[in-house]
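Here is the file upload24.pdb (PDB, C-alpha atoms, pLDDT in the B column).
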```
ATOM      1  CA  MET K   1     -26.453  10.281   1.000  1.00 56.00           C
ATOM      2  CA  ALA K   2     -24.161   9.451   3.903  1.00 73.00           C
ATOM      3  CA  GLU K   3     -22.247  12.333   5.403  1.00 84.00           C
ATOM      4  CA  ARG K   4     -18.632  12.473   4.252  1.00 88.00           C
ATOM      5  CA  ARG K   5     -16.107  11.423   6.888  1.00 94.00           C
ATOM      6  CA  PRO K   6     -12.560  12.856   7.109  1.00 93.00           C
ATOM      7  CA  GLN K   7     -11.073   9.607   5.740  1.00 95.00           C
ATOM      8  CA  ASP K   8     -13.313   9.622   2.666  1.00 96.00           C
ATOM      9  CA  PRO K   9     -12.380  11.112  -0.716  1.00 96.00           C
ATOM     10  CA  THR K  10     -13.789  14.518  -1.555  1.00 96.00           C
ATOM     11  CA  PRO K  11     -16.440  14.825  -4.276  1.00 96.00           C
ATOM     12  CA  GLU K  12     -13.738  16.217  -6.570  1.00 97.00           C
ATOM     13  CA  GLU K  13     -11.513  13.193  -5.905  1.00 97.00           C
ATOM     14  CA  ILE K  14     -14.387  10.798  -6.551  1.00 97.00           C
ATOM     15  CA  ALA K  15     -15.093  12.545  -9.858  1.00 97.00           C
ATOM     16  CA  LEU K  16     -11.450  12.000 -10.814  1.00 98.00           C
ATOM     17  CA  PHE K  17     -11.555   8.341  -9.777  1.00 98.00           C
ATOM     18  CA  GLU K  18     -14.714   7.766 -11.811  1.00 98.00           C
ATOM     19  CA  ARG K  19     -13.110   9.341 -14.852  1.00 97.00           C
ATOM     20  CA  VAL K  20      -9.921   7.302 -14.466  1.00 98.00           C
ATOM     21  CA  ALA K  21     -11.905   4.072 -14.030  1.00 98.00           C
ATOM     22  CA  ASN K  22     -14.285   4.679 -16.939  1.00 96.00           C
ATOM     23  CA  GLU K  23     -12.246   6.484 -19.606  1.00 95.00           C
ATOM     24  CA  THR K  24      -9.761   3.683 -20.235  1.00 95.00           C
ATOM     25  CA  SER K  25      -9.086   4.255 -23.939  1.00 95.00           C
ATOM     26  CA  ARG K  26      -6.441   6.888 -23.200  1.00 92.00           C
ATOM     27  CA  ARG K  27      -4.476   4.710 -20.813  1.00 96.00           C
ATOM     28  CA  GLN K  28      -1.027   3.364 -21.579  1.00 98.00           C
ATOM     29  CA  ARG K  29      -0.190  -0.046 -20.158  1.00 98.00           C
ATOM     30  CA  VAL K  30       3.326  -0.051 -18.708  1.00 98.00           C
ATOM     31  CA  LEU K  31       3.308  -3.468 -17.014  1.00 98.00           C
ATOM     32  CA  ASP K  32       1.614  -6.757 -17.865  1.00 98.00           C
ATOM     33  CA  HIS K  33       2.675  -9.686 -15.679  1.00 98.00           C
ATOM     34  CA  TYR K  34       1.301 -13.138 -14.915  1.00 98.00           C
ATOM     35  CA  ILE K  35       1.794 -14.499 -11.390  1.00 98.00           C
ATOM     36  CA  PRO K  36       1.639 -18.301 -11.527  1.00 98.00           C
ATOM     37  CA  ALA K  37      -0.375 -20.251  -8.986  1.00 98.00           C
ATOM     38  CA  MET K  38       1.215 -20.052  -5.504  1.00 97.00           C
ATOM     39  CA  GLY K  39       3.748 -17.470  -6.755  1.00 98.00           C
ATOM     40  CA  GLY K  40       4.584 -13.871  -5.921  1.00 98.00           C
ATOM     41  CA  PHE K  41       5.672 -10.692  -7.679  1.00 98.00           C
ATOM     42  CA  ALA K  42       6.834  -7.202  -6.673  1.00 98.00           C
ATOM     43  CA  PHE K  43       7.028  -4.014  -8.743  1.00 98.00           C
ATOM     44  CA  PRO K  44       7.254  -0.217  -8.426  1.00 98.00           C
ATOM     45  CA  VAL K  45       4.214   1.993  -8.945  1.00 98.00           C
ATOM     46  CA  LYS K  46       4.275   5.743  -9.559  1.00 98.00           C
ATOM     47  CA  HIS K  47       1.887   8.284  -8.091  1.00 98.00           C
ATOM     48  CA  ARG K  48      -1.382   8.384 -10.098  1.00 98.00           C
ATOM     49  CA  GLN K  49      -0.760   5.114 -11.916  1.00 98.00           C
ATOM     50  CA  VAL K  50      -3.463   2.452 -11.800  1.00 98.00           C
ATOM     51  CA  VAL K  51      -2.861  -1.137 -10.687  1.00 98.00           C
ATOM     52  CA  ARG K  52      -5.256  -3.793 -11.965  1.00 98.00           C
ATOM     53  CA  ILE K  53      -5.440  -7.230 -10.295  1.00 98.00           C
ATOM     54  CA  LEU K  54      -7.285  -9.703 -12.523  1.00 98.00           C
ATOM     55  CA  CYS K  55      -8.705 -13.174 -11.909  1.00 98.00           C
ATOM     56  CA  CYS K  56      -7.476 -14.454 -15.265  1.00 98.00           C
ATOM     57  CA  ASP K  57      -7.675 -18.183 -14.442  1.00 98.00           C
ATOM     58  CA  GLY K  58     -10.703 -18.141 -12.175  1.00 97.00           C
ATOM     59  CA  PRO K  59     -11.275 -16.901  -8.618  1.00 97.00           C
ATOM     60  CA  GLN K  60      -7.974 -16.442  -6.787  1.00 98.00           C
ATOM     61  CA  VAL K  61      -7.116 -14.543  -3.625  1.00 98.00           C
ATOM     62  CA  ALA K  62      -4.338 -11.946  -3.928  1.00 98.00           C
ATOM     63  CA  ASP K  63      -2.422 -10.909  -0.808  1.00 98.00           C
ATOM     64  CA  PHE K  64      -1.505  -7.260  -1.448  1.00 98.00           C
ATOM     65  CA  ASN K  65       1.355  -5.440   0.339  1.00 98.00           C
ATOM     66  CA  ALA K  66       2.399  -1.843  -0.341  1.00 98.00           C
ATOM     67  CA  PHE K  67       5.377   0.237   0.790  1.00 98.00           C
ATOM     68  CA  GLY K  68       6.592   3.778   0.320  1.00 98.00           C
ATOM     69  CA  ALA K  69       8.967   3.730  -2.640  1.00 98.00           C
ATOM     70  CA  ASP K  70      11.759   5.444  -0.681  1.00 97.00           C
ATOM     71  CA  ASP K  71      10.984   4.136   2.808  1.00 97.00           C
ATOM     72  CA  ALA K  72       9.931   0.543   3.421  1.00 98.00           C
ATOM     73  CA  SER K  73       8.971   1.404   7.001  1.00 98.00           C
ATOM     74  CA  GLU K  74       5.971   3.259   5.569  1.00 98.00           C
ATOM     75  CA  TYR K  75       3.689   0.410   4.609  1.00 98.00           C
ATOM     76  CA  PHE K  76       0.028  -0.498   4.275  1.00 98.00           C
ATOM     77  CA  TRP K  77      -1.617  -0.630   7.687  1.00 98.00           C
ATOM     78  CA  SER K  78      -4.451  -3.152   7.559  1.00 98.00           C
ATOM     79  CA  GLY K  79      -5.528  -2.453  11.134  1.00 97.00           C
ATOM     80  CA  ARG K  80      -5.886   1.302  10.647  1.00 98.00           C
ATOM     81  CA  THR K  81      -7.638   0.806   7.315  1.00 98.00           C
ATOM     82  CA  ARG K  82     -10.040  -1.615   9.003  1.00 98.00           C
ATOM     83  CA  THR K  83     -10.714   0.934  11.743  1.00 97.00           C
ATOM     84  CA  LEU K  84     -11.417   3.713   9.263  1.00 98.00           C
ATOM     85  CA  HIS K  85     -13.363   1.814   6.600  1.00 97.00           C
ATOM     86  CA  GLY K  86     -14.539  -1.498   8.060  1.00 97.00           C
ATOM     87  CA  SER K  87     -13.662  -5.174   7.797  1.00 97.00           C
ATOM     88  CA  HIS K  88     -13.752  -5.255   3.980  1.00 98.00           C
ATOM     89  CA  VAL K  89     -12.643  -2.756   1.356  1.00 98.00           C
ATOM     90  CA  HIS K  90     -15.371  -1.053  -0.685  1.00 98.00           C
ATOM     91  CA  LEU K  91     -15.285   1.256  -3.684  1.00 98.00           C
ATOM     92  CA  TYR K  92     -13.424   4.503  -2.913  1.00 98.00           C
ATOM     93  CA  ASP K  93     -12.028   3.206   0.368  1.00 98.00           C
ATOM     94  CA  ARG K  94      -8.390   4.105   0.940  1.00 98.00           C
ATOM     95  CA  LEU K  95      -5.512   1.811   1.895  1.00 98.00           C
ATOM     96  CA  TRP K  96      -3.805   3.740   4.685  1.00 98.00           C
ATOM     97  CA  GLY K  97      -0.123   3.733   5.575  1.00 98.00           C
ATOM     98  CA  THR K  98       1.663   3.580   8.893  1.00 98.00           C
ATOM     99  CA  GLU K  99       2.582   6.401  11.255  1.00 98.00           C
ATOM    100  CA  PRO K 100       3.910   9.045  11.365  1.00 97.00           C
ATOM    101  CA  ARG K 101       2.446  10.084   8.005  1.00 96.00           C
ATOM    102  CA  MET K 102      -0.594   7.795   8.084  1.00 98.00           C
ATOM    103  CA  ARG K 103      -1.626   8.881   4.594  1.00 98.00           C
ATOM    104  CA  PRO K 104      -3.600   7.152   1.827  1.00 98.00           C
ATOM    105  CA  MET K 105      -1.378   4.898  -0.276  1.00 98.00           C
ATOM    106  CA  PHE K 106      -3.987   3.551  -2.719  1.00 98.00           C
ATOM    107  CA  THR K 107      -7.701   4.017  -3.360  1.00 98.00           C
ATOM    108  CA  LEU K 108      -9.988   1.307  -4.742  1.00 98.00           C
ATOM    109  CA  ILE K 109     -11.523   2.876  -7.856  1.00 98.00           C
ATOM    110  CA  LYS K 110     -12.986  -0.154  -9.632  1.00 98.00           C
ATOM    111  CA  ASP K 111     -14.431  -3.483  -8.494  1.00 98.00           C
ATOM    112  CA  THR K 112     -16.230  -5.802 -10.924  1.00 98.00           C
ATOM    113  CA  VAL K 113     -17.121  -8.504  -8.352  1.00 98.00           C
ATOM    114  CA  GLU K 114     -20.881  -8.999  -7.929  1.00 96.00           C
ATOM    115  CA  HIS K 115     -21.286  -8.836  -4.161  1.00 95.00           C
ATOM    116  CA  LYS K 116     -24.211 -11.134  -3.397  1.00 92.00           C
ATOM    117  CA  LYS K 117     -25.865 -11.664  -0.017  1.00 93.00           C
ATOM    118  CA  LEU K 118     -23.826 -14.306   1.848  1.00 94.00           C
ATOM    119  CA  PRO K 119     -24.097 -16.029   5.257  1.00 92.00           C
ATOM    120  CA  PHE K 120     -23.235 -13.796   8.224  1.00 93.00           C
ATOM    121  CA  ASN K 121     -22.754 -10.888   5.792  1.00 92.00           C
ATOM    122  CA  ALA K 122     -19.512 -12.363   4.482  1.00 96.00           C
ATOM    123  CA  ARG K 123     -17.908 -10.276   1.754  1.00 97.00           C
ATOM    124  CA  SER K 124     -14.970 -10.096  -0.621  1.00 97.00           C
ATOM    125  CA  HIS K 125     -11.834  -7.941  -0.224  1.00 98.00           C
ATOM    126  CA  ASP K 126     -10.877  -8.873   3.309  1.00 98.00           C
ATOM    127  CA  LEU K 127      -9.004  -6.965   6.025  1.00 98.00           C
ATOM    128  CA  LEU K 128      -9.655  -9.500   8.812  1.00 97.00           C
ATOM    129  CA  TYR K 129      -7.259 -12.348   8.093  1.00 97.00           C
ATOM    130  CA  SER K 130      -3.518 -12.239   8.617  1.00 96.00           C
ATOM    131  CA  ARG K 131      -1.261 -13.472   5.838  1.00 97.00           C
ATOM    132  CA  CYS K 132      -0.430 -17.172   5.820  1.00 96.00           C
ATOM    133  CA  SER K 133       3.146 -18.060   6.782  1.00 95.00           C
ATOM    134  CA  GLU K 134       5.386 -21.114   6.896  1.00 94.00           C
ATOM    135  CA  ARG K 135       4.884 -21.426  10.650  1.00 95.00           C
ATOM    136  CA  ARG K 136       1.099 -21.016  10.388  1.00 93.00           C
ATOM    137  CA  VAL K 137       0.887 -23.782   7.800  1.00 91.00           C
ATOM    138  CA  GLU K 138       3.102 -25.995   9.952  1.00 94.00           C
ATOM    139  CA  LEU K 139       0.855 -25.477  12.993  1.00 93.00           C
ATOM    140  CA  ARG K 140      -2.225 -26.357  10.948  1.00 89.00           C
ATOM    141  CA  THR K 141      -0.890 -29.309   8.959  1.00 91.00           C
ATOM    142  CA  GLY K 142       2.320 -30.477  10.636  1.00 93.00           C
ATOM    143  CA  LEU K 143       4.169 -29.959   7.350  1.00 92.00           C
ATOM    144  CA  LYS K 144       7.239 -27.745   7.142  1.00 93.00           C
ATOM    145  CA  GLY K 145       8.434 -25.605   4.247  1.00 90.00           C
ATOM    146  CA  GLN K 146       5.045 -25.339   2.541  1.00 94.00           C
ATOM    147  CA  PRO K 147       4.112 -22.538   0.104  1.00 95.00           C
ATOM    148  CA  ASN K 148       2.774 -19.447   1.865  1.00 97.00           C
ATOM    149  CA  CYS K 149       2.173 -15.732   1.337  1.00 98.00           C
ATOM    150  CA  ASP K 150       4.770 -14.477   3.786  1.00 98.00           C
ATOM    151  CA  THR K 151       7.553 -16.276   1.923  1.00 98.00           C
ATOM    152  CA  ASN K 152       6.134 -15.298  -1.485  1.00 98.00           C
ATOM    153  CA  LEU K 153       6.068 -11.622  -0.557  1.00 98.00           C
ATOM    154  CA  ARG K 154       9.567 -11.632   0.905  1.00 98.00           C
ATOM    155  CA  ARG K 155      11.084 -13.445  -2.075  1.00 98.00           C
ATOM    156  CA  ALA K 156       9.331 -11.114  -4.514  1.00 98.00           C
ATOM    157  CA  LEU K 157      10.734  -8.041  -2.755  1.00 98.00           C
ATOM    158  CA  GLN K 158      14.200  -9.564  -2.527  1.00 98.00           C
ATOM    159  CA  ALA K 159      14.096 -10.224  -6.271  1.00 98.00           C
ATOM    160  CA  ILE K 160      13.869  -6.467  -6.976  1.00 98.00           C
ATOM    161  CA  GLY K 161      16.322  -5.497  -4.228  1.00 98.00           C
ATOM    162  CA  PHE K 162      13.730  -3.965  -1.925  1.00 98.00           C
ATOM    163  CA  ASP K 163      13.779  -4.230   1.875  1.00 98.00           C
ATOM    164  CA  ASP K 164      11.615  -7.193   2.956  1.00 98.00           C
ATOM    165  CA  ARG K 165      11.746  -6.579   6.718  1.00 98.00           C
ATOM    166  CA  TYR K 166       8.379  -4.835   6.698  1.00 98.00           C
ATOM    167  CA  VAL K 167       6.237  -7.482   5.008  1.00 98.00           C
ATOM    168  CA  HIS K 168       2.858  -7.099   6.690  1.00 98.00           C
ATOM    169  CA  ASP K 169      -0.683  -8.359   6.898  1.00 97.00           C
ATOM    170  CA  ALA K 170      -2.332  -7.895   3.555  1.00 98.00           C
ATOM    171  CA  PHE K 171      -5.281  -6.437   1.794  1.00 98.00           C
ATOM    172  CA  ASN K 172      -6.715  -9.832   0.823  1.00 98.00           C
ATOM    173  CA  VAL K 173      -8.193  -9.047  -2.573  1.00 98.00           C
ATOM    174  CA  PHE K 174     -11.038 -11.404  -3.620  1.00 98.00           C
ATOM    175  CA  MET K 175     -10.910 -13.258  -0.260  1.00 98.00           C
ATOM    176  CA  CYS K 176     -14.475 -13.810   0.965  1.00 98.00           C
ATOM    177  CA  THR K 177     -14.667 -13.744   4.769  1.00 98.00           C
ATOM    178  CA  GLY K 178     -16.823 -13.018   7.784  1.00 96.00           C
ATOM    179  CA  TYR K 179     -17.320 -13.947  11.404  1.00 94.00           C
ATOM    180  CA  ASP K 180     -20.061 -16.165  12.812  1.00 94.00           C
ATOM    181  CA  ASP K 181     -22.352 -16.060  15.863  1.00 94.00           C
ATOM    182  CA  ASP K 182     -19.479 -17.283  18.030  1.00 94.00           C
ATOM    183  CA  HIS K 183     -17.307 -14.423  16.714  1.00 93.00           C
ATOM    184  CA  ARG K 184     -15.040 -16.864  14.907  1.00 96.00           C
ATOM    185  CA  LEU K 185     -13.547 -15.904  11.576  1.00 96.00           C
ATOM    186  CA  PHE K 186     -14.372 -18.007   8.529  1.00 96.00           C
ATOM    187  CA  TYR K 187     -13.817 -17.840   4.807  1.00 96.00           C
ATOM    188  CA  LEU K 188     -15.846 -19.008   1.837  1.00 96.00           C
ATOM    189  CA  GLU K 189     -14.843 -19.696  -1.716  1.00 94.00           C
ATOM    190  CA  PRO K 190     -14.404 -16.370  -3.508  1.00 95.00           C
ATOM    191  CA  ASP K 191     -17.477 -14.959  -5.202  1.00 95.00           C
ATOM    192  CA  ALA K 192     -15.261 -13.523  -7.924  1.00 97.00           C
ATOM    193  CA  LYS K 193     -15.328 -15.179 -11.337  1.00 97.00           C
ATOM    194  CA  THR K 194     -12.952 -15.390 -14.285  1.00 98.00           C
ATOM    195  CA  GLY K 195     -12.376 -11.896 -15.629  1.00 98.00           C
ATOM    196  CA  ASP K 196     -13.260 -10.071 -12.435  1.00 98.00           C
ATOM    197  CA  HIS K 197     -10.781  -7.431 -11.398  1.00 98.00           C
ATOM    198  CA  VAL K 198     -10.105  -4.528  -9.089  1.00 98.00           C
ATOM    199  CA  GLU K 199      -8.239  -1.319  -9.839  1.00 98.00           C
ATOM    200  CA  LEU K 200      -6.235   0.698  -7.347  1.00 99.00           C
ATOM    201  CA  PHE K 201      -5.226   4.336  -7.865  1.00 98.00           C
ATOM    202  CA  ALA K 202      -1.756   5.073  -6.494  1.00 98.00           C
ATOM    203  CA  GLU K 203      -1.847   8.030  -4.105  1.00 98.00           C
ATOM    204  CA  ILE K 204       1.961   7.977  -3.671  1.00 98.00           C
ATOM    205  CA  ASP K 205       5.050   6.478  -5.298  1.00 98.00           C
ATOM    206  CA  ALA K 206       5.067   2.938  -3.963  1.00 98.00           C
ATOM    207  CA  VAL K 207       6.392  -0.579  -4.223  1.00 98.00           C
ATOM    208  CA  VAL K 208       3.760  -3.320  -4.373  1.00 99.00           C
ATOM    209  CA  ALA K 209       4.166  -7.024  -3.619  1.00 98.00           C
ATOM    210  CA  ILE K 210       1.432  -9.551  -4.408  1.00 98.00           C
ATOM    211  CA  SER K 211       1.110 -13.235  -3.562  1.00 98.00           C
ATOM    212  CA  ALA K 212      -1.285 -15.612  -5.314  1.00 98.00           C
ATOM    213  CA  CYS K 213      -2.345 -17.092  -1.992  1.00 98.00           C
ATOM    214  CA  PRO K 214      -1.615 -20.845  -1.738  1.00 96.00           C
ATOM    215  CA  SER K 215      -3.503 -21.434   1.522  1.00 91.00           C
ATOM    216  CA  GLY K 216      -6.692 -22.984   0.102  1.00 89.00           C
ATOM    217  CA  CYS K 217      -8.979 -19.944   0.357  1.00 94.00           C
ATOM    218  CA  SER K 218      -9.380 -19.719  -3.431  1.00 95.00           C
ATOM    219  CA  GLY K 219     -11.594 -22.736  -3.964  1.00 92.00           C
ATOM    220  CA  ASP K 220     -10.806 -26.231  -5.193  1.00 91.00           C
ATOM    221  CA  ARG K 221      -7.433 -25.302  -6.705  1.00 95.00           C
ATOM    222  CA  ASN K 222      -4.880 -22.513  -6.649  1.00 97.00           C
ATOM    223  CA  LYS K 223      -4.744 -20.319  -9.722  1.00 98.00           C
ATOM    224  CA  GLY K 224      -2.655 -17.552 -11.247  1.00 98.00           C
ATOM    225  CA  LEU K 225      -3.291 -13.812 -11.353  1.00 98.00           C
ATOM    226  CA  ALA K 226      -2.712 -11.140 -13.978  1.00 98.00           C
ATOM    227  CA  ILE K 227      -1.210  -7.817 -12.889  1.00 98.00           C
ATOM    228  CA  GLU K 228      -1.358  -4.711 -15.059  1.00 98.00           C
ATOM    229  CA  VAL K 229      -0.155  -1.172 -14.395  1.00 98.00           C
ATOM    230  CA  PHE K 230      -1.368   1.815 -16.409  1.00 98.00           C
ATOM    231  CA  ASP K 231      -0.304   5.395 -16.913  1.00 98.00           C
ATOM    232  CA  GLN K 232      -3.360   7.588 -17.244  1.00 95.00           C
ATOM    233  CA  PRO K 233      -3.618  11.169 -18.502  1.00 92.00           C
ATOM    234  CA  PHE K 234      -5.838  12.778 -15.876  1.00 91.00           C
TER     235      PHE K 234
END
```
Show me, as structure tokens, the structure contained in the file I just sent.
Amino acid sequence: MAERRPQDPTPEEIALFERVANETSRRQRVLDHYIPAMGGFAFPVKHRQVVRILCCDGPQVADFNAFGADDASEYFWSGRTRTLHGSHVHLYDRLWGTEPRMRPMFTLIKDTVEHKKLPFNARSHDLLYSRCSERRVELRTGLKGQPNCDTNLRRALQAIGFDDRYVHDAFNVFMCTGYDDDHRLFYLEPDAKTGDHVELFAEIDAVVAISACPSGCSGDRNKGLAIEVFDQPF
């Protein structure tokens, strides 16, 4: 067994996460929302609640942003998380927040994707790619005003009256990525399938914003996502 690192959960925490992930009959669902293809959604999450992101219509990348509930300047830090855990998020990896607290915001406690061997060790649940934006799409295609994650996330936060100035590079759930022999980033179609999902345990009170990424990384068509939030008794 690998030696535990300071950023890793303790054995006691892992035992809790396993129990929360497996003993689902005692949960109470407090949110059930469908994000249409190329859309976005934002919502509050309380400490110790569980967020499920579900590929209900087929494989679809979800750009995930998180913020401290009372301070939008504390937000998910993809770069620090990548430094601590690697280029892709694995079971029991934490999503770390910005300085000065730099504390875990969420922990991945369930992942139903079958992670098969892929070229150049590509893998799902990416921390390499930046979020797509209106300007990025314009540079690539020459088209202005196209759907993008940056706009989706900002509009979703604005819709609930939450500060959108700190929208940031995402945890790209279900996005299958790697880098090749020339050290160039690439993405593949997601290896998730209909019904696959991840669950995130909230380590703090937070606000979450999610975009059903419209950039073309989800296969031959863009699809919707299902979002559920659960209270759990443990």
Just so the selection is clear, what residues does the PyMOL selection byres ((chain K and resi 234) around 7) cover here, as a ChimeraX atom specification? /K:20,232-233
Considering only C-alpha atoms, can you say which of K:Leu84, K:Glu23, K:Pro44, K:Ala62 comes closest to Pro6 of chain K?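 Under the stated criterion, the closest residue is K:Leu84.
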Closest of K:Glu114, K:Arg27, K:Phe43, K:Asp71 to Gly195 of chain K - atom-to-atom distances counting all atoms listed in the file: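 Smallest distance to Gly195 of chain K is found for K:Glu114.
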Of K:Tyr166, K:Arg52, K:Glu18, K:Glu13, the one nearest to Val30 of chain K when counting all atoms listed in the file is K:Arg52
Suppose a student applies the PyMOL selection byres ((chain K and resi 86) around 12) to this structure; what residues should they get, written as a PyMOL selection string? chain K and resi 7+78-85+87-90+93-95+123+125-128+178
Using only C-alpha atoms, tabulate the residues of segment 26-141 of chain K lying at most 6 Å from any atom of segment 223-230 of chain K, each with its closest atom pair and that distance in Å to one decimal, by chain and increasing residue number, as CSV.
```
residue,atom,partner,partner_atom,distance
K:Gln28,CA,K:Phe230,CA,5.4
K:Arg29,CA,K:Phe230,CA,4.3
K:Val30,CA,K:Phe230,CA,5.5
K:Leu31,CA,K:Val229,CA,4.9
K:Asp32,CA,K:Glu228,CA,4.6
K:His33,CA,K:Ile227,CA,5.1
K:Tyr34,CA,K:Ala226,CA,4.6
K:Ile35,CA,K:Leu225,CA,5.1
K:Pro36,CA,K:Gly224,CA,4.4
K:Ala37,CA,K:Gly224,CA,4.2
K:Gln49,CA,K:Phe230,CA,5.6
K:Val50,CA,K:Phe230,CA,5.1
K:Val51,CA,K:Val229,CA,4.6
K:Arg52,CA,K:Glu228,CA,5.1
K:Ile53,CA,K:Ile227,CA,5.0
K:Leu54,CA,K:Ala226,CA,5.0
K:Cys55,CA,K:Leu225,CA,5.5
K:Cys56,CA,K:Leu225,CA,5.8
K:Asp57,CA,K:Lys223,CA,6.0
K:Gln60,CA,K:Lys223,CA,5.8
```
Local residues around (-1.8, -5.8, -0.9), at most 10 Å away, using all atoms listed in the file, as a VMD selection string: chain K and resid 62 to 67 75 to 76 78 95 106 153 168 to 173 208 to 211
Of K:Asn22, K:Asn121, K:Ser73, K:Ser215, the one sitting nearest Asn148 of chain K when using only C-alpha atoms is K:Ser215
Enter the distance from atom CA of Arg101 of chain K to atom CA of Arg131 of chain K, in Å, rounded to one decimal. 23.9 Å
Since I can't run it myself right now, could you work out what the PyMOL selection byres ((chain K and resi 152) around 9) selects here and report it as a ChimeraX atom specification? /K:38-41,147-151,153-157,209-213
Would you write out those residues with C-alpha atoms, as an mmCIF file, keeping the file's coordinate frame?
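As written to disk, selection-v3.cif reads:
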```cif
data_model
loop_
_atom_site.group_PDB
_atom_site.id
_atom_site.type_symbol
_atom_site.label_atom_id
_atom_site.label_comp_id
_atom_site.auth_asym_id
_atom_site.auth_seq_id
_atom_site.Cartn_x
_atom_site.Cartn_y
_atom_site.Cartn_z
ATOM 1 C CA MET K 38 1.215 -20.052 -5.504
ATOM 2 C CA GLY K 39 3.748 -17.470 -6.755
ATOM 3 C CA GLY K 40 4.584 -13.871 -5.921
ATOM 4 C CA PHE K 41 5.672 -10.692 -7.679
ATOM 5 C CA PRO K 147 4.112 -22.538 0.104
ATOM 6 C CA ASN K 148 2.774 -19.447 1.865
ATOM 7 C CA CYS K 149 2.173 -15.732 1.337
ATOM 8 C CA ASP K 150 4.770 -14.477 3.786
ATOM 9 C CA THR K 151 7.553 -16.276 1.923
ATOM 10 C CA LEU K 153 6.068 -11.622 -0.557
ATOM 11 C CA ARG K 154 9.567 -11.632 0.905
ATOM 12 C CA ARG K 155 11.084 -13.445 -2.075
ATOM 13 C CA ALA K 156 9.331 -11.114 -4.514
ATOM 14 C CA LEU K 157 10.734 -8.041 -2.755
ATOM 15 C CA ALA K 209 4.166 -7.024 -3.619
ATOM 16 C CA ILE K 210 1.432 -9.551 -4.408
ATOM 17 C CA SER K 211 1.110 -13.235 -3.562
ATOM 18 C CA ALA K 212 -1.285 -15.612 -5.314
ATOM 19 C CA CYS K 213 -2.345 -17.092 -1.992
#
```
Which of these, K:Tyr179, K:Ile160, K:Gly68, K:Phe186, has the shortest distance to Ala42 of chain K once you count all atoms listed in the file?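 For Ala42 of chain K, the nearest of the candidates is K:Ile160.
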Can you tell me how far atom CA of Lys144 of chain K sits from atom CA of Asp163 of chain K, in Å to one decimal?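 Answer for the atom CA of Lys144 of chain K to atom CA of Asp163 of chain K separation: 25.0 Å.
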